[in-house]
file query-v5.pdb (PDB, C-alpha atoms)
MODEL        1
ATOM      1  CA  MET A  28      22.937   5.517  12.427
ATOM      2  CA  LYS A  29      21.528   7.568   9.555
ATOM      3  CA  TYR A  30      18.880   4.913   8.978
ATOM      4  CA  ALA A  31      17.572   4.874  12.556
ATOM      5  CA  LYS A  32      15.064   7.675  12.019
ATOM      6  CA  PHE A  33      13.667   5.886   8.979
ATOM      7  CA  VAL A  34      13.254   2.638  10.909
ATOM      8  CA  ILE A  35      11.354   4.608  13.570
ATOM      9  CA  ILE A  36       9.123   6.213  10.929
ATOM     10  CA  GLY A  37       8.544   2.726   9.525
ATOM     11  CA  ILE A  38       7.547   1.431  12.956
ATOM     12  CA  ILE A  39       5.040   4.275  13.412
ATOM     13  CA  PHE A  40       3.747   3.614   9.890
ATOM     14  CA  GLY A  41       3.397  -0.112  10.611
ATOM     15  CA  ILE A  42       1.575   0.452  13.896
ATOM     16  CA  ILE A  43      -0.857   2.963  12.391
ATOM     17  CA  MET A  44      -1.554   0.710   9.378
ATOM     18  CA  ALA A  45      -2.260  -2.238  11.657
ATOM     19  CA  LYS A  46      -4.172  -0.396  14.402
ATOM     20  CA  ALA A  47      -6.462   1.375  11.926
ATOM     21  CA  GLU A  48      -7.030  -1.955  10.119
ATOM     22  CA  LEU A  49      -5.637  -0.562   6.871
ATOM     23  CA  ILE A  50      -3.859  -3.905   6.434
ATOM     24  CA  SER A  51      -7.200  -5.736   6.448
ATOM     25  CA  TRP A  52      -8.345  -7.399   3.213
ATOM     26  CA  PHE A  53     -11.876  -6.991   4.589
ATOM     27  CA  ARG A  54     -11.553  -3.197   4.859
ATOM     28  CA  ILE A  55     -10.454  -2.970   1.201
ATOM     29  CA  TYR A  56     -13.399  -5.111   0.120
ATOM     30  CA  GLU A  57     -15.757  -2.979   2.216
ATOM     31  CA  MET A  58     -14.303   0.216   0.732
ATOM     32  CA  PHE A  59     -14.858  -0.912  -2.848
ATOM     33  CA  ARG A  60     -18.469  -1.750  -1.945
ATOM     34  CA  PHE A  61     -18.914   1.749  -0.476
ATOM     35  CA  GLU A  62     -20.158   0.221   2.763
ATOM     36  CA  SER A  63     -17.920   2.091   5.178
ATOM     37  CA  PHE A  64     -16.505   5.576   5.497
ATOM     38  CA  HIS A  65     -13.384   4.333   7.301
ATOM     39  CA  MET A  66     -10.928   4.028   4.384
ATOM     40  CA  TYR A  67     -12.229   7.185   2.715
ATOM     41  CA  GLY A  68     -11.814   9.022   5.996
ATOM     42  CA  VAL A  69      -8.204   7.853   6.307
ATOM     43  CA  ILE A  70      -7.181   8.696   2.737
ATOM     44  CA  GLY A  71      -9.281  11.890   2.638
ATOM     45  CA  SER A  72      -7.974  13.334   5.898
ATOM     46  CA  ALA A  73      -4.395  12.365   5.001
ATOM     47  CA  VAL A  74      -4.680  14.151   1.650
ATOM     48  CA  ILE A  75      -6.363  17.290   3.048
ATOM     49  CA  LEU A  76      -3.724  17.626   5.745
ATOM     50  CA  GLY A  77      -1.040  16.655   3.211
ATOM     51  CA  ILE A  78      -2.109  19.470   0.871
ATOM     52  CA  LEU A  79      -1.834  21.863   3.811
ATOM     53  CA  PHE A  80       1.664  20.622   4.748
ATOM     54  CA  VAL A  81       2.907  20.795   1.156
ATOM     55  CA  GLN A  82       1.541  24.327   0.738
ATOM     56  CA  ILE A  83       3.239  25.436   3.954
ATOM     57  CA  ILE A  84       6.523  23.874   2.786
ATOM     58  CA  LYS A  85       6.264  25.544  -0.629
ATOM     59  CA  ARG A  86       5.233  28.974   0.626
ATOM     60  CA  THR A  87       7.866  29.125   3.339
ATOM     61  CA  GLY A  88      10.518  27.659   1.011
ATOM     62  CA  ALA A  89      11.403  25.189   3.760
ATOM     63  CA  LYS A  90      14.602  23.196   3.338
ATOM     64  CA  ASP A  91      15.192  19.598   4.334
ATOM     65  CA  ILE A  92      17.764  18.593   6.951
ATOM     66  CA  SER A  93      20.583  18.565   4.389
ATOM     67  CA  GLY A  94      19.692  22.100   3.300
ATOM     68  CA  GLN A  95      18.123  21.119  -0.031
ATOM     69  CA  GLU A  96      14.890  22.640  -1.248
ATOM     70  CA  ILE A  97      12.011  20.252  -0.631
ATOM     71  CA  SER A  98      10.150  18.885  -3.634
ATOM     72  CA  ILE A  99       7.845  15.985  -4.370
ATOM     73  CA  ASN A 100       9.015  14.140  -7.501
ATOM     74  CA  PRO A 101       6.955  15.753 -10.256
ATOM     75  CA  LYS A 102       5.257  13.123 -12.428
ATOM     76  CA  LYS A 103       5.512  13.570 -16.184
ATOM     77  CA  MET A 104       2.142  14.475 -17.670
ATOM     78  CA  GLY A 105       0.313  11.757 -19.535
ATOM     79  CA  VAL A 106      -2.771   9.608 -19.275
ATOM     80  CA  THR A 107      -2.154   6.090 -20.642
ATOM     81  CA  ARG A 108       0.400   4.815 -18.163
ATOM     82  CA  TYR A 109      -1.364   6.250 -15.134
ATOM     83  CA  LEU A 110      -4.787   4.990 -16.145
ATOM     84  CA  LEU A 111      -3.719   1.516 -17.370
ATOM     85  CA  GLY A 112      -1.132   1.043 -14.632
ATOM     86  CA  GLY A 113      -3.644   2.301 -12.086
ATOM     87  CA  ILE A 114      -6.327  -0.139 -13.257
ATOM     88  CA  ILE A 115      -3.898  -3.089 -13.118
ATOM     89  CA  PHE A 116      -2.819  -1.984  -9.639
ATOM     90  CA  GLY A 117      -6.451  -1.667  -8.540
ATOM     91  CA  LEU A 118      -7.287  -5.198  -9.716
ATOM     92  CA  GLY A 119      -4.443  -6.547  -7.604
ATOM     93  CA  TRP A 120      -5.240  -4.288  -4.656
ATOM     94  CA  ALA A 121      -8.795  -5.648  -4.424
ATOM     95  CA  LEU A 122      -7.714  -9.269  -5.022
ATOM     96  CA  ALA A 123      -4.808  -9.438  -2.563
ATOM     97  CA  GLY A 124      -6.358  -6.813  -0.280
ATOM     98  CA  ALA A 125      -2.988  -5.181   0.253
ATOM     99  CA  CYS A 126      -0.882  -2.515  -1.387
ATOM    100  CA  PRO A 127       2.925  -2.351  -1.057
ATOM    101  CA  GLY A 128       2.934  -0.806   2.460
ATOM    102  CA  PRO A 129       0.502  -3.169   4.207
ATOM    103  CA  MET A 130       2.161  -6.194   2.562
ATOM    104  CA  PHE A 131       5.189  -5.717   4.775
ATOM    105  CA  VAL A 132       3.184  -4.832   7.883
ATOM    106  CA  LEU A 133       1.301  -8.129   7.494
ATOM    107  CA  VAL A 134       4.589 -10.050   7.615
ATOM    108  CA  GLY A 135       5.218  -8.630  11.082
ATOM    109  CA  TYR A 136       1.588  -9.231  11.991
ATOM    110  CA  GLY A 137       2.206 -12.924  11.447
ATOM    111  CA  TYR A 138       0.331 -13.760   8.244
ATOM    112  CA  TYR A 139       3.280 -15.320   6.467
ATOM    113  CA  SER A 140       1.258 -16.278   3.388
ATOM    114  CA  ILE A 141       1.568 -12.588   2.451
ATOM    115  CA  LEU A 142       5.156 -13.481   1.495
ATOM    116  CA  ILE A 143       3.683 -15.088  -1.640
ATOM    117  CA  VAL A 144       1.961 -11.769  -2.435
ATOM    118  CA  ILE A 145       5.282  -9.951  -1.934
ATOM    119  CA  LEU A 146       7.017 -12.479  -4.199
ATOM    120  CA  GLY A 147       4.294 -11.859  -6.798
ATOM    121  CA  ALA A 148       4.751  -8.086  -6.456
ATOM    122  CA  ILE A 149       8.515  -8.401  -7.005
ATOM    123  CA  LEU A 150       7.895 -10.602 -10.067
ATOM    124  CA  GLY A 151       5.347  -8.072 -11.350
ATOM    125  CA  THR A 152       7.844  -5.240 -10.918
ATOM    126  CA  PHE A 153      10.477  -7.331 -12.710
ATOM    127  CA  ALA A 154       8.040  -8.093 -15.563
ATOM    128  CA  TYR A 155       7.364  -4.370 -15.969
ATOM    129  CA  GLY A 156      11.111  -3.771 -16.236
ATOM    130  CA  LEU A 157      11.306  -6.327 -19.055
ATOM    131  CA  LEU A 158       8.243  -5.093 -20.941
ATOM    132  CA  ARG A 159       8.594  -1.366 -20.292
ATOM    133  CA  ASN A 160       9.789  -0.441 -23.782
ATOM    134  CA  LYS A 161       6.914  -2.328 -25.420
ATOM    135  CA  LEU A 162       4.146  -0.763 -23.308
ATOM    136  CA  PRO A 163       2.263   2.430 -24.203
ATOM    137  CA  HIS A 164       3.101   5.230 -21.769
TER
ATOM    138  CA  MET B  14      -5.699   2.747  28.295
ATOM    139  CA  ASP B  15      -8.369   0.685  26.561
ATOM    140  CA  PHE B  16      -8.414   2.972  23.540
ATOM    141  CA  ILE B  17      -4.904   1.856  22.655
ATOM    142  CA  LEU B  18      -6.028  -1.751  22.415
ATOM    143  CA  GLU B  19      -9.178  -0.897  20.453
ATOM    144  CA  PRO B  20      -8.973  -0.301  16.673
ATOM    145  CA  TRP B  21      -7.980   3.297  15.944
ATOM    146  CA  PRO B  22     -10.394   5.580  14.071
ATOM    147  CA  TRP B  23      -9.750   7.159  10.653
ATOM    148  CA  TRP B  24      -9.178  10.597  12.179
ATOM    149  CA  VAL B  25      -6.113   9.285  13.985
ATOM    150  CA  ALA B  26      -4.707   7.291  11.064
ATOM    151  CA  GLY B  27      -5.167   9.880   8.295
ATOM    152  CA  PRO B  28      -3.350  12.754  10.057
ATOM    153  CA  VAL B  29      -0.508  10.464  11.204
ATOM    154  CA  ILE B  30      -0.006   9.291   7.606
ATOM    155  CA  ALA B  31       0.122  12.934   6.459
ATOM    156  CA  LEU B  32       2.676  13.647   9.209
ATOM    157  CA  ILE B  33       4.809  10.706   8.076
ATOM    158  CA  MET B  34       4.755  12.079   4.516
ATOM    159  CA  ALA B  35       5.757  15.564   5.709
ATOM    160  CA  LEU B  36       8.471  14.179   7.993
ATOM    161  CA  LEU B  37       9.980  12.213   5.095
ATOM    162  CA  LEU B  38      10.050  15.411   3.010
ATOM    163  CA  LEU B  39      11.936  17.146   5.821
ATOM    164  CA  PHE B  40      14.381  14.229   5.840
ATOM    165  CA  GLY B  41      14.969  14.723   2.112
ATOM    166  CA  ALA B  42      12.959  11.658   1.098
ATOM    167  CA  ASN B  43       9.710  10.948  -0.768
ATOM    168  CA  PHE B  44       6.950   8.727   0.641
ATOM    169  CA  GLY B  45       6.583   5.758  -1.736
ATOM    170  CA  MET B  46       6.494   2.117  -0.673
ATOM    171  CA  SER B  47       6.390   0.386  -4.069
ATOM    172  CA  SER B  48       9.843   1.747  -5.005
ATOM    173  CA  ASN B  49      11.230  -0.866  -2.620
ATOM    174  CA  LEU B  50      10.032  -3.619  -4.940
ATOM    175  CA  ARG B  51      12.168  -2.149  -7.723
ATOM    176  CA  THR B  52      15.118  -1.856  -5.350
ATOM    177  CA  VAL B  53      14.799  -5.553  -4.490
ATOM    178  CA  CYS B  54      14.853  -6.400  -8.229
ATOM    179  CA  THR B  55      18.099  -4.441  -8.523
ATOM    180  CA  MET B  56      19.598  -6.150  -5.460
ATOM    181  CA  VAL B  57      19.010  -9.622  -6.912
ATOM    182  CA  GLY B  58      20.672  -8.710 -10.205
ATOM    183  CA  GLY B  59      17.778  -7.309 -12.227
ATOM    184  CA  GLU B  60      20.062  -4.891 -14.078
ATOM    185  CA  LYS B  61      21.327  -7.835 -16.142
ATOM    186  CA  PHE B  62      17.860  -8.091 -17.668
ATOM    187  CA  SER B  63      16.654  -4.501 -17.966
ATOM    188  CA  ASP B  64      18.202  -1.057 -17.647
ATOM    189  CA  PHE B  65      15.088  -0.191 -15.597
ATOM    190  CA  PHE B  66      16.884  -1.824 -12.681
ATOM    191  CA  GLU B  67      20.170   0.036 -13.117
ATOM    192  CA  LEU B  68      20.097   2.104  -9.987
ATOM    193  CA  ASP B  69      22.232   2.657  -6.933
ATOM    194  CA  TRP B  70      20.249   0.566  -4.478
ATOM    195  CA  LYS B  71      22.327   1.768  -1.548
ATOM    196  CA  ALA B  72      20.859   5.241  -2.111
ATOM    197  CA  GLN B  73      17.475   3.589  -1.447
ATOM    198  CA  GLY B  74      18.621   2.253   1.920
ATOM    199  CA  TRP B  75      16.418   4.730   3.793
ATOM    200  CA  ASN B  76      13.318   3.278   2.089
ATOM    201  CA  LEU B  77      14.329  -0.297   2.927
ATOM    202  CA  ALA B  78      14.782   0.917   6.519
ATOM    203  CA  ILE B  79      11.118   2.004   6.462
ATOM    204  CA  VAL B  80      10.149  -1.493   5.277
ATOM    205  CA  ILE B  81      12.038  -3.056   8.190
ATOM    206  CA  GLY B  82      10.302  -0.612  10.543
ATOM    207  CA  ALA B  83       6.894  -1.440   9.037
ATOM    208  CA  ILE B  84       7.463  -5.153   9.706
ATOM    209  CA  ILE B  85       8.485  -4.379  13.299
ATOM    210  CA  GLY B  86       5.419  -2.118  13.648
ATOM    211  CA  GLY B  87       3.134  -4.963  12.579
ATOM    212  CA  TYR B  88       4.774  -7.249  15.121
ATOM    213  CA  ILE B  89       4.524  -4.687  17.944
ATOM    214  CA  THR B  90       0.847  -4.133  17.181
ATOM    215  CA  VAL B  91      -0.191  -7.778  17.205
ATOM    216  CA  THR B  92       1.987  -8.590  20.230
ATOM    217  CA  PHE B  93       1.454  -5.607  22.541
ATOM    218  CA  LEU B  94      -1.241  -3.282  21.229
ATOM    219  CA  SER B  95      -4.193  -5.509  20.379
ATOM    220  CA  SER B  96      -6.952  -7.063  22.400
ATOM    221  CA  GLY B  97      -8.189  -9.094  19.436
ATOM    222  CA  GLU B  98      -8.288  -9.160  15.681
ATOM    223  CA  THR B  99     -11.982  -8.587  15.041
ATOM    224  CA  VAL B 100     -12.686  -6.134  12.235
ATOM    225  CA  ASP B 101     -16.036  -4.443  12.824
ATOM    226  CA  LEU B 102     -17.442  -4.588   9.287
ATOM    227  CA  ASN B 103     -20.714  -3.284   7.925
ATOM    228  CA  PRO B 104     -23.274  -6.144   8.291
ATOM    229  CA  GLN B 105     -24.015  -5.837   4.572
ATOM    230  CA  THR B 106     -20.337  -6.484   3.828
ATOM    231  CA  VAL B 107     -20.395  -9.537   6.081
ATOM    232  CA  GLU B 108     -23.533 -10.808   4.379
ATOM    233  CA  SER B 109     -22.078 -10.458   0.891
ATOM    234  CA  LEU B 110     -18.889 -12.227   1.987
ATOM    235  CA  GLN B 111     -20.916 -15.058   3.498
ATOM    236  CA  SER B 112     -22.703 -15.509   0.187
ATOM    237  CA  LEU B 113     -19.267 -15.881  -1.440
ATOM    238  CA  GLY B 114     -18.372 -18.584   1.083
ATOM    239  CA  PHE B 115     -16.308 -16.583   3.587
ATOM    240  CA  GLU B 116     -17.281 -18.119   6.913
ATOM    241  CA  ASN B 117     -15.828 -15.758   9.491
ATOM    242  CA  ALA B 118     -15.883 -12.361   7.755
ATOM    243  CA  GLY B 119     -14.263  -9.795  10.045
ATOM    244  CA  GLY B 120     -13.338 -12.410  12.646
ATOM    245  CA  THR B 121      -9.666 -12.116  11.753
ATOM    246  CA  MET B 122      -7.577  -9.291  10.289
ATOM    247  CA  VAL B 123      -7.516 -11.008   6.889
ATOM    248  CA  PRO B 124      -9.720 -13.858   5.574
ATOM    249  CA  LEU B 125      -8.338 -17.308   6.332
ATOM    250  CA  GLU B 126      -9.931 -18.491   3.071
ATOM    251  CA  ILE B 127      -7.207 -16.477   1.312
ATOM    252  CA  PHE B 128      -4.377 -16.208   3.843
ATOM    253  CA  GLY B 129      -4.857 -19.266   6.094
ATOM    254  CA  GLN B 130      -2.737 -22.411   5.964
ATOM    255  CA  ASN B 131      -5.399 -24.314   4.025
ATOM    256  CA  ALA B 132      -5.375 -21.751   1.210
ATOM    257  CA  LEU B 133      -1.726 -22.614   0.617
ATOM    258  CA  THR B 134      -2.447 -26.279  -0.014
ATOM    259  CA  SER B 135      -4.339 -25.645  -3.261
ATOM    260  CA  ILE B 136      -2.942 -24.362  -6.540
ATOM    261  CA  LYS B 137      -5.850 -21.940  -6.787
ATOM    262  CA  GLY B 138      -5.099 -20.523  -3.342
ATOM    263  CA  VAL B 139      -1.445 -19.919  -4.164
ATOM    264  CA  LEU B 140      -2.315 -18.423  -7.558
ATOM    265  CA  ILE B 141      -4.712 -15.905  -5.980
ATOM    266  CA  LEU B 142      -1.911 -14.601  -3.748
ATOM    267  CA  LEU B 143       0.717 -14.705  -6.478
ATOM    268  CA  ILE B 144      -1.421 -13.044  -9.163
ATOM    269  CA  GLY B 145      -2.784 -10.454  -6.726
ATOM    270  CA  GLY B 146       0.765  -9.478  -5.835
ATOM    271  CA  PHE B 147       1.906  -9.577  -9.466
ATOM    272  CA  LEU B 148      -0.816  -7.115 -10.503
ATOM    273  CA  VAL B 149       0.079  -4.781  -7.619
ATOM    274  CA  GLY B 150       3.780  -4.872  -8.495
ATOM    275  CA  PHE B 151       3.314  -4.529 -12.241
ATOM    276  CA  GLY B 152       0.599  -1.888 -11.961
ATOM    277  CA  SER B 153       2.390   0.285  -9.426
ATOM    278  CA  ARG B 154       5.550   0.460 -11.532
ATOM    279  CA  TYR B 155       3.583   1.023 -14.754
ATOM    280  CA  ALA B 156       1.642   3.821 -13.056
ATOM    281  CA  GLY B 157       4.814   5.122 -11.382
ATOM    282  CA  GLY B 158       3.575   4.747  -7.823
ATOM    283  CA  CYS B 159       1.090   3.129  -5.468
ATOM    284  CA  THR B 160      -1.240   4.301  -2.727
ATOM    285  CA  SER B 161       1.519   6.129  -0.853
ATOM    286  CA  GLY B 162       3.267   7.661  -3.874
ATOM    287  CA  HIS B 163       0.186   8.689  -5.832
ATOM    288  CA  ALA B 164      -2.852   8.763  -3.497
ATOM    289  CA  ILE B 165      -1.017  10.410  -0.585
ATOM    290  CA  SER B 166       2.142  12.188  -1.858
ATOM    291  CA  GLY B 167       0.966  12.992  -5.391
ATOM    292  CA  LEU B 168      -2.520  14.182  -4.458
ATOM    293  CA  SER B 169      -1.087  16.257  -1.584
ATOM    294  CA  ASP B 170       1.048  18.002  -4.210
ATOM    295  CA  LEU B 171      -2.043  18.402  -6.452
ATOM    296  CA  GLN B 172      -0.401  16.467  -9.294
ATOM    297  CA  VAL B 173      -2.810  15.599 -12.108
ATOM    298  CA  PRO B 174      -1.041  12.327 -13.099
ATOM    299  CA  SER B 175      -1.560  11.095  -9.539
ATOM    300  CA  LEU B 176      -5.277  11.876  -9.756
ATOM    301  CA  ILE B 177      -5.491   9.871 -12.997
ATOM    302  CA  ALA B 178      -3.641   6.978 -11.321
ATOM    303  CA  VAL B 179      -5.978   7.052  -8.307
ATOM    304  CA  ILE B 180      -9.000   7.002 -10.628
ATOM    305  CA  GLY B 181      -7.376   3.950 -12.249
ATOM    306  CA  PHE B 182      -6.874   2.322  -8.820
ATOM    307  CA  PHE B 183     -10.586   2.660  -8.206
ATOM    308  CA  ILE B 184     -11.697   1.432 -11.632
ATOM    309  CA  GLY B 185      -9.550  -1.687 -11.154
ATOM    310  CA  GLY B 186     -10.678  -2.185  -7.561
ATOM    311  CA  LEU B 187     -14.359  -1.824  -8.382
ATOM    312  CA  VAL B 188     -14.118  -4.250 -11.332
ATOM    313  CA  MET B 189     -12.321  -6.839  -9.189
ATOM    314  CA  THR B 190     -14.659  -6.474  -6.203
ATOM    315  CA  HIS B 191     -17.966  -6.423  -8.075
ATOM    316  CA  PHE B 192     -17.356  -8.536 -11.188
ATOM    317  CA  MET B 193     -14.346 -10.768 -10.652
ATOM    318  CA  LEU B 194     -14.288 -11.786  -6.965
ATOM    319  CA  PRO B 195     -17.824 -13.278  -7.202
ATOM    320  CA  ASN B 196     -16.508 -15.564  -9.960
ATOM    321  CA  ILE B 197     -13.275 -16.423  -8.187
ATOM    322  CA  PHE B 198     -14.876 -17.474  -4.874
TER
ENDMDL
END
call {"tool": "encode", "arguments": {"input": "query-v5.pdb", "output": "structure tokens"}}
result
Amino acid sequence: MKYAKFVIIGIIFGIIMAKAELISWFRIYEMFRFESFHMYGVIGSAVILGILFVQIIKRTGAKDISGQEISINPKKMGVTRYLLGGIIFGLGWALAGACPGPMFVLVGYGYYSILIVILGAILGTFAYGLLRNKLPH
Amino acid sequence: MDFILEPWPWWVAGPVIALIMALLLLFGANFGMSSNLRTVCTMVGGEKFSDFFELDWKAQGWNLAIVIGAIIGGYITVTFLSSGETVDLNPQTVESLQSLGFENAGGTMVPLEIFGQNALTSIKGVLILLIGGFLVGFGSRYAGGCTSGHAISGLSDLQVPSLIAVIGFFIGGLVMTHFMLPNIF
């Protein structure tokens, strides 16, 4: 069962996303109006601790369980694709109130209309695949 | 045990998310939820239409396992770990939502005006969900990642492209929230 540990990580992820209300459309709306610290606290503390973890991994040269050196996929430098893609993502994030993680958590939470959002996200991904060579990157 | 049923504060959620990212690195994986959308495109035959979807989706099985876990986690939370769905919003947020016509802002996890059964009976309601998702899917692949891949993993690794993407996320989110949502609702 090589996938079991990933299912367990997913369950922990789902519980934390739901219990901290990170799957709430309202929390996203509130964040973009700067009327609560909650979302900034979550992302900020995750990043600060994440920086610490990554530095520890890099400085100790830690290996993963299969003995490979650990690395986070380095993103090719550029501006256009990250800025334009980011803006398009942000428009959808604030409209649907969910990014790709919470979308799936909301299915389990019982709001099945989110399946339409997931369908839209798959179609959007597919459309990018079709248009990729015509877009500025 | 009441604290388990109450909403959890940011200082629990943030560190756990960082731990999940670190744990995935130790398991030889990278934290990134939107990649699953690409994998699904490959699974339904997307490679016939674009070489972007030519990938070995079985190698992405671990990430699909996380998706299955996330769905189970949502179910466990609503079934066993909640005493109610109320989201304790800033009163100013509630007021602005009321002025847009949201009747029970914060009374449920997500607004029924968007996610309730009634919203699905109008073309406009369905389009809001479909277009919102489309923008998230298109934008995350164009930008090469979403909140988990860029805002958490990328920023933790101090990658400049991820910072640019996160700035983009916020520009888009602010434009939608302040200029577009008031015209949509």
call {"tool": "closest_residue", "arguments": {"input": "query-v5.pdb", "among": "B:Phe183, B:Phe128, B:Tyr155, B:Trp75", "to": "Phe33 in chain A", "atoms": "all atoms listed in the file"}}
result
B:Trp75
call {"tool": "residues_near_point", "arguments": {"input": "query-v5.pdb", "point": "(0.2, 4.1, -1.2)", "cutoff": "12 Å", "atoms": "only C-alpha atoms", "output": "short mmCIF file (atom, residue, chain, number, x, y, z; two decimals) with C-alpha atoms, keeping the file's coordinate frame"}}
result
data_model
loop_
_atom_site.label_atom_id
_atom_site.label_comp_id
_atom_site.auth_asym_id
_atom_site.auth_seq_id
_atom_site.Cartn_x
_atom_site.Cartn_y
_atom_site.Cartn_z
CA PHE A 40 3.75 3.61 9.89
CA MET A 44 -1.55 0.71 9.38
CA LEU A 49 -5.64 -0.56 6.87
CA ILE A 50 -3.86 -3.90 6.43
CA VAL A 69 -8.20 7.85 6.31
CA ILE A 70 -7.18 8.70 2.74
CA ALA A 73 -4.39 12.36 5.00
CA VAL A 74 -4.68 14.15 1.65
CA GLY A 113 -3.64 2.30 -12.09
CA PHE A 116 -2.82 -1.98 -9.64
CA GLY A 117 -6.45 -1.67 -8.54
CA TRP A 120 -5.24 -4.29 -4.66
CA ALA A 125 -2.99 -5.18 0.25
CA CYS A 126 -0.88 -2.52 -1.39
CA PRO A 127 2.92 -2.35 -1.06
CA GLY A 128 2.93 -0.81 2.46
CA PRO A 129 0.50 -3.17 4.21
CA MET A 130 2.16 -6.19 2.56
CA ILE B 30 -0.01 9.29 7.61
CA ALA B 31 0.12 12.93 6.46
CA MET B 34 4.76 12.08 4.52
CA ASN B 43 9.71 10.95 -0.77
CA PHE B 44 6.95 8.73 0.64
CA GLY B 45 6.58 5.76 -1.74
CA MET B 46 6.49 2.12 -0.67
CA SER B 47 6.39 0.39 -4.07
CA SER B 48 9.84 1.75 -5.00
CA VAL B 149 0.08 -4.78 -7.62
CA SER B 153 2.39 0.28 -9.43
CA ALA B 156 1.64 3.82 -13.06
CA GLY B 157 4.81 5.12 -11.38
CA GLY B 158 3.58 4.75 -7.82
CA CYS B 159 1.09 3.13 -5.47
CA THR B 160 -1.24 4.30 -2.73
CA SER B 161 1.52 6.13 -0.85
CA GLY B 162 3.27 7.66 -3.87
CA HIS B 163 0.19 8.69 -5.83
CA ALA B 164 -2.85 8.76 -3.50
CA ILE B 165 -1.02 10.41 -0.58
CA SER B 166 2.14 12.19 -1.86
CA GLY B 167 0.97 12.99 -5.39
CA LEU B 168 -2.52 14.18 -4.46
CA SER B 175 -1.56 11.10 -9.54
CA ALA B 178 -3.64 6.98 -11.32
CA VAL B 179 -5.98 7.05 -8.31
CA PHE B 182 -6.87 2.32 -8.82
#
call {"tool": "closest_residue", "arguments": {"input": "query-v5.pdb", "among": "B:Val25, B:Leu125, B:Leu143, B:Ile17", "to": "chain A", "atoms": "all atoms listed in the file"}}
result
B:Leu143
call {"tool": "resolve_selection", "arguments": {"input": "query-v5.pdb", "expression": "the PyMOL selection byres ((chain B and resi 90) around 12)", "output": "PyMOL selection string"}}
result
(chain A and resi 38-48+50+132-137) or (chain B and resi 17-21+83-89+91-98)
call {"tool": "resolve_selection", "arguments": {"input": "query-v5.pdb", "expression": "the PyMOL selection byres ((chain A and resi 61-67) around 12)", "output": "compact mmCIF listing (two decimals) with C-alpha atoms, in the frame of the given file"}}
result
# COMPACT_ATOMS: atom_id res chain seq x y z
CA MET A 44 -1.55 0.71 9.38
CA ALA A 47 -6.46 1.38 11.93
CA GLU A 48 -7.03 -1.96 10.12
CA LEU A 49 -5.64 -0.56 6.87
CA ILE A 50 -3.86 -3.90 6.43
CA SER A 51 -7.20 -5.74 6.45
CA TRP A 52 -8.35 -7.40 3.21
CA PHE A 53 -11.88 -6.99 4.59
CA ARG A 54 -11.55 -3.20 4.86
CA ILE A 55 -10.45 -2.97 1.20
CA TYR A 56 -13.40 -5.11 0.12
CA GLU A 57 -15.76 -2.98 2.22
CA MET A 58 -14.30 0.22 0.73
CA PHE A 59 -14.86 -0.91 -2.85
CA ARG A 60 -18.47 -1.75 -1.94
CA GLY A 68 -11.81 9.02 6.00
CA VAL A 69 -8.20 7.85 6.31
CA ILE A 70 -7.18 8.70 2.74
CA GLY A 71 -9.28 11.89 2.64
CA SER A 72 -7.97 13.33 5.90
CA ALA A 73 -4.39 12.36 5.00
CA VAL A 74 -4.68 14.15 1.65
CA ILE A 75 -6.36 17.29 3.05
CA PRO B 20 -8.97 -0.30 16.67
CA TRP B 21 -7.98 3.30 15.94
CA PRO B 22 -10.39 5.58 14.07
CA TRP B 23 -9.75 7.16 10.65
CA TRP B 24 -9.18 10.60 12.18
CA VAL B 25 -6.11 9.28 13.98
CA ALA B 26 -4.71 7.29 11.06
CA GLY B 27 -5.17 9.88 8.30
CA VAL B 100 -12.69 -6.13 12.24
CA ASP B 101 -16.04 -4.44 12.82
CA LEU B 102 -17.44 -4.59 9.29
CA ASN B 103 -20.71 -3.28 7.92
CA PRO B 104 -23.27 -6.14 8.29
CA GLN B 105 -24.02 -5.84 4.57
CA THR B 106 -20.34 -6.48 3.83
CA VAL B 107 -20.40 -9.54 6.08
CA GLU B 108 -23.53 -10.81 4.38
CA SER B 109 -22.08 -10.46 0.89
CA ALA B 164 -2.85 8.76 -3.50
CA PHE B 183 -10.59 2.66 -8.21
CA GLY B 186 -10.68 -2.18 -7.56
CA LEU B 187 -14.36 -1.82 -8.38
CA THR B 190 -14.66 -6.47 -6.20
CA HIS B 191 -17.97 -6.42 -8.07
call {"tool": "closest_residue", "arguments": {"input": "query-v5.pdb", "among": "B:Met56, B:Leu148, B:Leu68, B:Met193", "to": "chain A", "atoms": "all atoms listed in the file"}}
result
B:Leu148
call {"tool": "resolve_selection", "arguments": {"input": "query-v5.pdb", "expression": "the PyMOL selection byres ((chain B and resi 76) around 12)", "output": "ChimeraX atom specification"}}
result
/A:29-37,128 /B:37,40-53,70-75,77-83
call {"tool": "decode", "arguments": {"input": "query-v5.pdb", "residues": "range 133-145 of chain A", "atoms": "C-alpha atoms", "output": "mmCIF file, in the first residue's frame"}}
result
data_model
loop_
_atom_site.group_PDB
_atom_site.id
_atom_site.type_symbol
_atom_site.label_atom_id
_atom_site.label_comp_id
_atom_site.auth_asym_id
_atom_site.auth_seq_id
_atom_site.Cartn_x
_atom_site.Cartn_y
_atom_site.Cartn_z
ATOM 1 C CA LEU A 133 -15.865 20.662 -0.181
ATOM 2 C CA VAL A 134 -17.031 17.547 -2.041
ATOM 3 C CA GLY A 135 -16.530 15.536 1.143
ATOM 4 C CA TYR A 136 -18.088 18.338 3.163
ATOM 5 C CA GLY A 137 -21.278 17.793 1.203
ATOM 6 C CA TYR A 138 -21.558 20.838 -1.060
ATOM 7 C CA TYR A 139 -21.928 18.893 -4.279
ATOM 8 C CA SER A 140 -22.387 22.007 -6.419
ATOM 9 C CA ILE A 141 -18.600 22.380 -6.093
ATOM 10 C CA LEU A 142 -18.440 19.541 -8.643
ATOM 11 C CA ILE A 143 -19.381 22.147 -11.270
ATOM 12 C CA VAL A 144 -16.397 24.250 -10.136
ATOM 13 C CA ILE A 145 -14.150 21.175 -10.420
#
